[in-house]
Amino acid sequence: MVTATNEQQTLIEEHADDPLVSVVVLLYNALPFLRRFVSTLERQTYRNVEIVVVDNASTDGSAAFIARALPDATLICLPTNSGFAAGNNAALPYCHGTYLALLNPDTEPEPEWLAALVAALETDPSIGLATSKIVLINDRATINTCGNDVHIAGFATCRGLDAPATRYTEGADVAAVSGAAFIIRRALMERLGGFDSTFFLYVEDTDLSWRALLLGARCRFIPASVVAHRYALTLDAKKTFYLERNRMHMLLKCYRTRTLLLLAPALLLGELAAWTYAALQGAAHFRAKAHAVWWVLHHWRDIRERRRIVQAERIVGDRVLLSLATARLPITLVQPGPFGRAATACATLPFALSRRIVLMVEQ
């Protein structure tokens, strides 16, 4: 059990009137990271918190470690691995905070991480979600992501990936938060119904952000909130399936019918790019892409019902999504070198034209 020092106790008393924040941590075999992770939580300057930990059926003793290291935390042990979306949703009934701060256990937040996020929401009520400046844990001079960029065809990428950490020093509205470290108003999370649990893994943070934007909330990048993250870009066939399935699901759910029709050429071009990537990566990726399309077609009724709810509750048009979206498809992430740069340049023009047309119609 961790005992508060005199300095920490003073901070607790000084900040007793600050809004309560529920820090939600989802575990899945995270034991190698937890000792460092817990120590960074203990160093947070923002003290009015409750910690809610969900263990996604870990087999490495993660839950037992948390029970010992954070005895005052609420620990929820799920019988099976329910994925990132449903796993985090399982914490919501146990959260009492005005704000929910979601944090991956493979991160190490700086002491002002949470204070900076809370200050952003306290200062500006139009901000519904705020995301951190996330750097690479083994190279903290290099950015992992500063919020996520989202292409008009739904491809989400790390904003600022591999750029020097000295960049992105100004706050900015972003297309989506990063699920690794962000904060959201609990009332907004409840209104959204949490993450879409059918996503299981990947794109769920982008989908949550888009649905929040359609409710008139803003997604904000907060550079003073810094987190180090164990990150490596991996693209196996299983990830291809989830990325493609969830991307298509999100587009069909969030865009208006008129937008889908106007963007049809761009969306078809995006599909061509996705199929080409899958084919170049090999048979396993090609099958994964085909499986993703089959899943969407097979679950069309469920997607249609989820679309009905999103469209009925939205209060703004698709202009808010497209004004924050990018027309640049970063093919260089999967195909570096001259060919990737040339392909990126060639693909950008038709996407930019499609985006401009929809923005003109949405005025």
# chains A, B, ... in the order shown; residues from 1 in each chain; ligands from 1

call {"tool": "residues_around", "arguments": {"residues": "A:Trp275", "least_positions_apart": "4", "cutoff": "9 Å", "atoms": "only C-alpha atoms", "output": "number ranges by chain"}}
result
A: 270-271, 279-280, 286, 289-290

call {"tool": "closest_atom_pairs", "arguments": {"of": "stretch 98-173 of chain A", "to": "stretch 61-85 of chain A", "cutoff": "12 Å", "atoms": "only C-alpha atoms", "output": "Markdown table"}}
result
| residue | atom | partner | partner_atom | distance |
| --- | --- | --- | --- | --- |
| A:Leu102 | CA | A:Phe84 | CA | 11.1 |
| A:Leu103 | CA | A:Phe84 | CA | 11.6 |
| A:Asn104 | CA | A:Phe84 | CA | 10.1 |
| A:Pro105 | CA | A:Ser62 | CA | 10.3 |

call {"tool": "write_last_selection", "arguments": {"atoms": "N, CA and C atoms", "output": "short mmCIF file (atom, residue, chain, number, x, y, z; two decimals), in the first residue's frame"}}
result
data_model
loop_
_atom_site.label_atom_id
_atom_site.label_comp_id
_atom_site.auth_asym_id
_atom_site.auth_seq_id
_atom_site.Cartn_x
_atom_site.Cartn_y
_atom_site.Cartn_z
N LEU A 102 -8.91 8.39 -19.68
CA LEU A 102 -8.52 7.04 -20.08
C LEU A 102 -7.03 7.02 -20.38
N LEU A 103 -6.34 6.02 -19.84
CA LEU A 103 -4.89 5.96 -19.95
C LEU A 103 -4.45 4.52 -20.12
N ASN A 104 -3.64 4.28 -21.14
CA ASN A 104 -3.10 2.94 -21.37
C ASN A 104 -2.05 2.59 -20.32
N PRO A 105 -1.97 1.32 -19.92
CA PRO A 105 -0.97 0.92 -18.91
C PRO A 105 0.45 0.83 -19.46
#

call {"tool": "select_by_dssp", "arguments": {"residues": "stretch 83-228 of chain A", "states": "alpha helix (DSSP H)", "output": "PyMOL selection string"}}
result
chain A and resi 83-89+113-123+186-192+204-214

call {"tool": "write_last_selection", "arguments": {"atoms": "C-alpha atoms", "output": "PDB file, in the first residue's frame"}}
result
ATOM      1  CA  GLY A  83     -11.483  -5.847 -26.323  1.00  0.00           C
ATOM      2  CA  PHE A  84     -10.568  -2.186 -25.867  1.00  0.00           C
ATOM      3  CA  ALA A  85     -14.031  -0.752 -26.510  1.00  0.00           C
ATOM      4  CA  ALA A  86     -16.177  -2.996 -24.324  1.00  0.00           C
ATOM      5  CA  GLY A  87     -13.411  -3.302 -21.725  1.00  0.00           C
ATOM      6  CA  ASN A  88     -13.341   0.444 -21.124  1.00  0.00           C
ATOM      7  CA  ASN A  89     -17.132   0.581 -21.230  1.00  0.00           C
ATOM      8  CA  TRP A 113      -0.525  15.133 -17.522  1.00  0.00           C
ATOM      9  CA  LEU A 114      -3.909  15.096 -15.832  1.00  0.00           C
ATOM     10  CA  ALA A 115      -3.870  18.654 -14.478  1.00  0.00           C
ATOM     11  CA  ALA A 116      -3.376  20.040 -17.988  1.00  0.00           C
ATOM     12  CA  LEU A 117      -6.255  18.009 -19.407  1.00  0.00           C
ATOM     13  CA  VAL A 118      -8.615  19.030 -16.624  1.00  0.00           C
ATOM     14  CA  ALA A 119      -7.650  22.681 -16.998  1.00  0.00           C
ATOM     15  CA  ALA A 120      -8.592  22.561 -20.688  1.00  0.00           C
ATOM     16  CA  LEU A 121     -12.085  21.270 -19.968  1.00  0.00           C
ATOM     17  CA  GLU A 122     -12.578  23.580 -17.022  1.00  0.00           C
ATOM     18  CA  THR A 123     -11.539  26.607 -19.075  1.00  0.00           C
ATOM     19  CA  ARG A 186     -18.605  11.933 -18.216  1.00  0.00           C
ATOM     20  CA  ALA A 187     -21.939  13.413 -19.269  1.00  0.00           C
ATOM     21  CA  LEU A 188     -20.794  13.336 -22.901  1.00  0.00           C
ATOM     22  CA  MET A 189     -19.504   9.765 -22.603  1.00  0.00           C
ATOM     23  CA  GLU A 190     -22.849   8.683 -21.185  1.00  0.00           C
ATOM     24  CA  ARG A 191     -24.746  10.501 -23.927  1.00  0.00           C
ATOM     25  CA  LEU A 192     -22.617   8.716 -26.527  1.00  0.00           C
ATOM     26  CA  GLU A 204     -12.975   3.046 -31.565  1.00  0.00           C
ATOM     27  CA  ASP A 205     -11.320   6.291 -30.421  1.00  0.00           C
ATOM     28  CA  THR A 206     -11.892   7.877 -33.852  1.00  0.00           C
ATOM     29  CA  ASP A 207     -15.502   6.717 -33.914  1.00  0.00           C
ATOM     30  CA  LEU A 208     -16.087   8.113 -30.413  1.00  0.00           C
ATOM     31  CA  SER A 209     -14.540  11.430 -31.471  1.00  0.00           C
ATOM     32  CA  TRP A 210     -16.626  11.682 -34.641  1.00  0.00           C
ATOM     33  CA  ARG A 211     -19.849  10.991 -32.768  1.00  0.00           C
ATOM     34  CA  ALA A 212     -18.886  13.624 -30.191  1.00  0.00           C
ATOM     35  CA  LEU A 213     -18.168  16.138 -32.958  1.00  0.00           C
ATOM     36  CA  LEU A 214     -21.611  15.475 -34.417  1.00  0.00           C
TER      37      LEU A 214
END

call {"tool": "closest_residue", "arguments": {"among": "A:Leu349, A:Phe182, A:Glu110, A:Asn144", "to": "A:Arg43", "atoms": "only C-alpha atoms"}}
result
A:Glu110

call {"tool": "closest_atom_pairs", "arguments": {"of": "stretch 141-229 of chain A", "to": "stretch 23-38 of chain A", "cutoff": "10 Å", "atoms": "only C-alpha atoms", "output": "JSON lines"}}
result
{"residue": "A:Ala180", "atom": "CA", "partner": "A:Val25", "partner_atom": "CA", "distance": 9.8}
{"residue": "A:Ala181", "atom": "CA", "partner": "A:Val25", "partner_atom": "CA", "distance": 9.9}
{"residue": "A:Phe182", "atom": "CA", "partner": "A:Val23", "partner_atom": "CA", "distance": 9.9}
{"residue": "A:Ile183", "atom": "CA", "partner": "A:Val23", "partner_atom": "CA", "distance": 8.8}

call {"tool": "write_last_selection", "arguments": {"atoms": "C-alpha atoms", "output": "JSON list (two decimals), in the first residue's frame"}}
result
[["chain", "number", "residue", "atom", "x", "y", "z"],
["A", 180, "ALA", "CA", -3.88, 5.92, -25.35],
["A", 181, "ALA", "CA", -4.39, 9.06, -23.26],
["A", 182, "PHE", "CA", -7.38, 11.39, -23.30],
["A", 183, "ILE", "CA", -10.07, 12.92, -21.13]]

call {"tool": "closest_residue", "arguments": {"among": "A:Tyr231, A:Phe199, A:Trp295, A:Phe351", "to": "A:Leu262", "atoms": "only C-alpha atoms"}}
result
A:Phe351

call {"tool": "residues_around", "arguments": {"residues": "A:Leu268", "least_positions_apart": "6", "cutoff": "12 Å", "atoms": "only C-alpha atoms", "output": "count of residues only"}}
result
12

call {"tool": "decode", "arguments": {"residues": "stretch 110-147 of chain A", "atoms": "N, CA and C atoms", "output": "PDB file, in the first residue's frame"}}
result
ATOM      1  N   GLU A 110       3.620  12.313 -17.590  1.00  0.00           N
ATOM      2  CA  GLU A 110       4.365  13.306 -16.826  1.00  0.00           C
ATOM      3  C   GLU A 110       3.482  13.823 -15.678  1.00  0.00           C
ATOM      4  N   PRO A 111       4.084  14.410 -14.628  1.00  0.00           N
ATOM      5  CA  PRO A 111       3.307  14.820 -13.446  1.00  0.00           C
ATOM      6  C   PRO A 111       2.128  15.755 -13.744  1.00  0.00           C
ATOM      7  N   GLU A 112       2.238  16.600 -14.780  1.00  0.00           N
ATOM      8  CA  GLU A 112       1.157  17.537 -15.098  1.00  0.00           C
ATOM      9  C   GLU A 112       0.187  16.986 -16.133  1.00  0.00           C
ATOM     10  N   TRP A 113       0.326  15.718 -16.479  1.00  0.00           N
ATOM     11  CA  TRP A 113      -0.525  15.133 -17.522  1.00  0.00           C
ATOM     12  C   TRP A 113      -2.008  15.394 -17.261  1.00  0.00           C
ATOM     13  N   LEU A 114      -2.483  14.999 -16.108  1.00  0.00           N
ATOM     14  CA  LEU A 114      -3.909  15.096 -15.832  1.00  0.00           C
ATOM     15  C   LEU A 114      -4.334  16.524 -15.537  1.00  0.00           C
ATOM     16  N   ALA A 115      -3.526  17.267 -14.809  1.00  0.00           N
ATOM     17  CA  ALA A 115      -3.870  18.654 -14.478  1.00  0.00           C
ATOM     18  C   ALA A 115      -4.088  19.480 -15.736  1.00  0.00           C
ATOM     19  N   ALA A 116      -3.251  19.274 -16.751  1.00  0.00           N
ATOM     20  CA  ALA A 116      -3.376  20.040 -17.988  1.00  0.00           C
ATOM     21  C   ALA A 116      -4.652  19.687 -18.738  1.00  0.00           C
ATOM     22  N   LEU A 117      -5.027  18.413 -18.739  1.00  0.00           N
ATOM     23  CA  LEU A 117      -6.255  18.009 -19.407  1.00  0.00           C
ATOM     24  C   LEU A 117      -7.481  18.573 -18.701  1.00  0.00           C
ATOM     25  N   VAL A 118      -7.479  18.493 -17.383  1.00  0.00           N
ATOM     26  CA  VAL A 118      -8.615  19.030 -16.624  1.00  0.00           C
ATOM     27  C   VAL A 118      -8.741  20.532 -16.829  1.00  0.00           C
ATOM     28  N   ALA A 119      -7.621  21.231 -16.817  1.00  0.00           N
ATOM     29  CA  ALA A 119      -7.650  22.681 -16.998  1.00  0.00           C
ATOM     30  C   ALA A 119      -8.281  23.057 -18.329  1.00  0.00           C
ATOM     31  N   ALA A 120      -8.016  22.275 -19.364  1.00  0.00           N
ATOM     32  CA  ALA A 120      -8.592  22.561 -20.688  1.00  0.00           C
ATOM     33  C   ALA A 120     -10.116  22.470 -20.654  1.00  0.00           C
ATOM     34  N   LEU A 121     -10.635  21.438 -20.023  1.00  0.00           N
ATOM     35  CA  LEU A 121     -12.085  21.270 -19.968  1.00  0.00           C
ATOM     36  C   LEU A 121     -12.741  22.267 -19.024  1.00  0.00           C
ATOM     37  N   GLU A 122     -12.035  22.606 -17.960  1.00  0.00           N
ATOM     38  CA  GLU A 122     -12.578  23.580 -17.022  1.00  0.00           C
ATOM     39  C   GLU A 122     -12.605  24.976 -17.637  1.00  0.00           C
ATOM     40  N   THR A 123     -11.656  25.272 -18.492  1.00  0.00           N
ATOM     41  CA  THR A 123     -11.539  26.607 -19.075  1.00  0.00           C
ATOM     42  C   THR A 123     -12.531  26.830 -20.199  1.00  0.00           C
ATOM     43  N   ASP A 124     -12.810  25.795 -20.980  1.00  0.00           N
ATOM     44  CA  ASP A 124     -13.639  25.950 -22.180  1.00  0.00           C
ATOM     45  C   ASP A 124     -14.718  24.867 -22.219  1.00  0.00           C
ATOM     46  N   PRO A 125     -15.970  25.218 -21.925  1.00  0.00           N
ATOM     47  CA  PRO A 125     -17.039  24.209 -21.898  1.00  0.00           C
ATOM     48  C   PRO A 125     -17.379  23.627 -23.264  1.00  0.00           C
ATOM     49  N   SER A 126     -16.886  24.248 -24.345  1.00  0.00           N
ATOM     50  CA  SER A 126     -17.174  23.698 -25.671  1.00  0.00           C
ATOM     51  C   SER A 126     -16.300  22.491 -25.994  1.00  0.00           C
ATOM     52  N   ILE A 127     -15.225  22.296 -25.237  1.00  0.00           N
ATOM     53  CA  ILE A 127     -14.346  21.144 -25.447  1.00  0.00           C
ATOM     54  C   ILE A 127     -14.961  19.930 -24.758  1.00  0.00           C
ATOM     55  N   GLY A 128     -15.251  18.905 -25.537  1.00  0.00           N
ATOM     56  CA  GLY A 128     -15.823  17.689 -24.969  1.00  0.00           C
ATOM     57  C   GLY A 128     -14.786  16.641 -24.643  1.00  0.00           C
ATOM     58  N   LEU A 129     -13.721  16.601 -25.462  1.00  0.00           N
ATOM     59  CA  LEU A 129     -12.639  15.648 -25.279  1.00  0.00           C
ATOM     60  C   LEU A 129     -11.321  16.383 -25.465  1.00  0.00           C
ATOM     61  N   ALA A 130     -10.312  15.953 -24.742  1.00  0.00           N
ATOM     62  CA  ALA A 130      -8.975  16.530 -24.893  1.00  0.00           C
ATOM     63  C   ALA A 130      -7.948  15.407 -24.856  1.00  0.00           C
ATOM     64  N   THR A 131      -6.939  15.534 -25.699  1.00  0.00           N
ATOM     65  CA  THR A 131      -5.947  14.465 -25.829  1.00  0.00           C
ATOM     66  C   THR A 131      -4.541  15.003 -25.594  1.00  0.00           C
ATOM     67  N   SER A 132      -3.654  14.134 -25.208  1.00  0.00           N
ATOM     68  CA  SER A 132      -2.318  14.515 -24.769  1.00  0.00           C
ATOM     69  C   SER A 132      -1.314  14.563 -25.910  1.00  0.00           C
ATOM     70  N   LYS A 133      -0.166  15.166 -25.614  1.00  0.00           N
ATOM     71  CA  LYS A 133       1.005  15.080 -26.481  1.00  0.00           C
ATOM     72  C   LYS A 133       1.725  13.792 -26.093  1.00  0.00           C
ATOM     73  N   ILE A 134       1.700  12.817 -26.984  1.00  0.00           N
ATOM     74  CA  ILE A 134       2.225  11.492 -26.674  1.00  0.00           C
ATOM     75  C   ILE A 134       3.551  11.307 -27.402  1.00  0.00           C
ATOM     76  N   VAL A 135       4.588  11.008 -26.638  1.00  0.00           N
ATOM     77  CA  VAL A 135       5.921  10.808 -27.201  1.00  0.00           C
ATOM     78  C   VAL A 135       6.309   9.343 -27.060  1.00  0.00           C
ATOM     79  N   LEU A 136       7.338   8.949 -27.794  1.00  0.00           N
ATOM     80  CA  LEU A 136       7.807   7.570 -27.729  1.00  0.00           C
ATOM     81  C   LEU A 136       8.562   7.337 -26.424  1.00  0.00           C
ATOM     82  N   ILE A 137       8.256   6.251 -25.760  1.00  0.00           N
ATOM     83  CA  ILE A 137       8.819   6.031 -24.432  1.00  0.00           C
ATOM     84  C   ILE A 137      10.319   5.774 -24.492  1.00  0.00           C
ATOM     85  N   ASN A 138      10.820   5.225 -25.581  1.00  0.00           N
ATOM     86  CA  ASN A 138      12.247   4.968 -25.726  1.00  0.00           C
ATOM     87  C   ASN A 138      12.990   6.082 -26.447  1.00  0.00           C
ATOM     88  N   ASP A 139      12.238   7.110 -26.855  1.00  0.00           N
ATOM     89  CA  ASP A 139      12.840   8.273 -27.517  1.00  0.00           C
ATOM     90  C   ASP A 139      11.917   9.457 -27.279  1.00  0.00           C
ATOM     91  N   ARG A 140      12.011  10.031 -26.099  1.00  0.00           N
ATOM     92  CA  ARG A 140      11.036  11.039 -25.696  1.00  0.00           C
ATOM     93  C   ARG A 140      11.203  12.367 -26.419  1.00  0.00           C
ATOM     94  N   ALA A 141      12.201  12.441 -27.275  1.00  0.00           N
ATOM     95  CA  ALA A 141      12.371  13.614 -28.130  1.00  0.00           C
ATOM     96  C   ALA A 141      11.591  13.470 -29.430  1.00  0.00           C
ATOM     97  N   THR A 142      10.859  12.353 -29.575  1.00  0.00           N
ATOM     98  CA  THR A 142      10.137  12.067 -30.812  1.00  0.00           C
ATOM     99  C   THR A 142       8.662  11.831 -30.516  1.00  0.00           C
ATOM    100  N   ILE A 143       7.807  12.360 -31.370  1.00  0.00           N
ATOM    101  CA  ILE A 143       6.361  12.272 -31.168  1.00  0.00           C
ATOM    102  C   ILE A 143       5.826  10.919 -31.623  1.00  0.00           C
ATOM    103  N   ASN A 144       4.933  10.382 -30.822  1.00  0.00           N
ATOM    104  CA  ASN A 144       4.087   9.261 -31.228  1.00  0.00           C
ATOM    105  C   ASN A 144       2.825   9.825 -31.889  1.00  0.00           C
ATOM    106  N   THR A 145       2.095  10.663 -31.165  1.00  0.00           N
ATOM    107  CA  THR A 145       0.921  11.289 -31.756  1.00  0.00           C
ATOM    108  C   THR A 145       0.475  12.485 -30.925  1.00  0.00           C
ATOM    109  N   CYS A 146      -0.100  13.453 -31.605  1.00  0.00           N
ATOM    110  CA  CYS A 146      -0.671  14.645 -30.964  1.00  0.00           C
ATOM    111  C   CYS A 146      -2.139  14.740 -31.366  1.00  0.00           C
ATOM    112  N   GLY A 147      -2.922  13.759 -30.934  1.00  0.00           N
ATOM    113  CA  GLY A 147      -4.247  13.574 -31.494  1.00  0.00           C
ATOM    114  C   GLY A 147      -4.115  12.790 -32.781  1.00  0.00           C
TER     115      GLY A 147
END
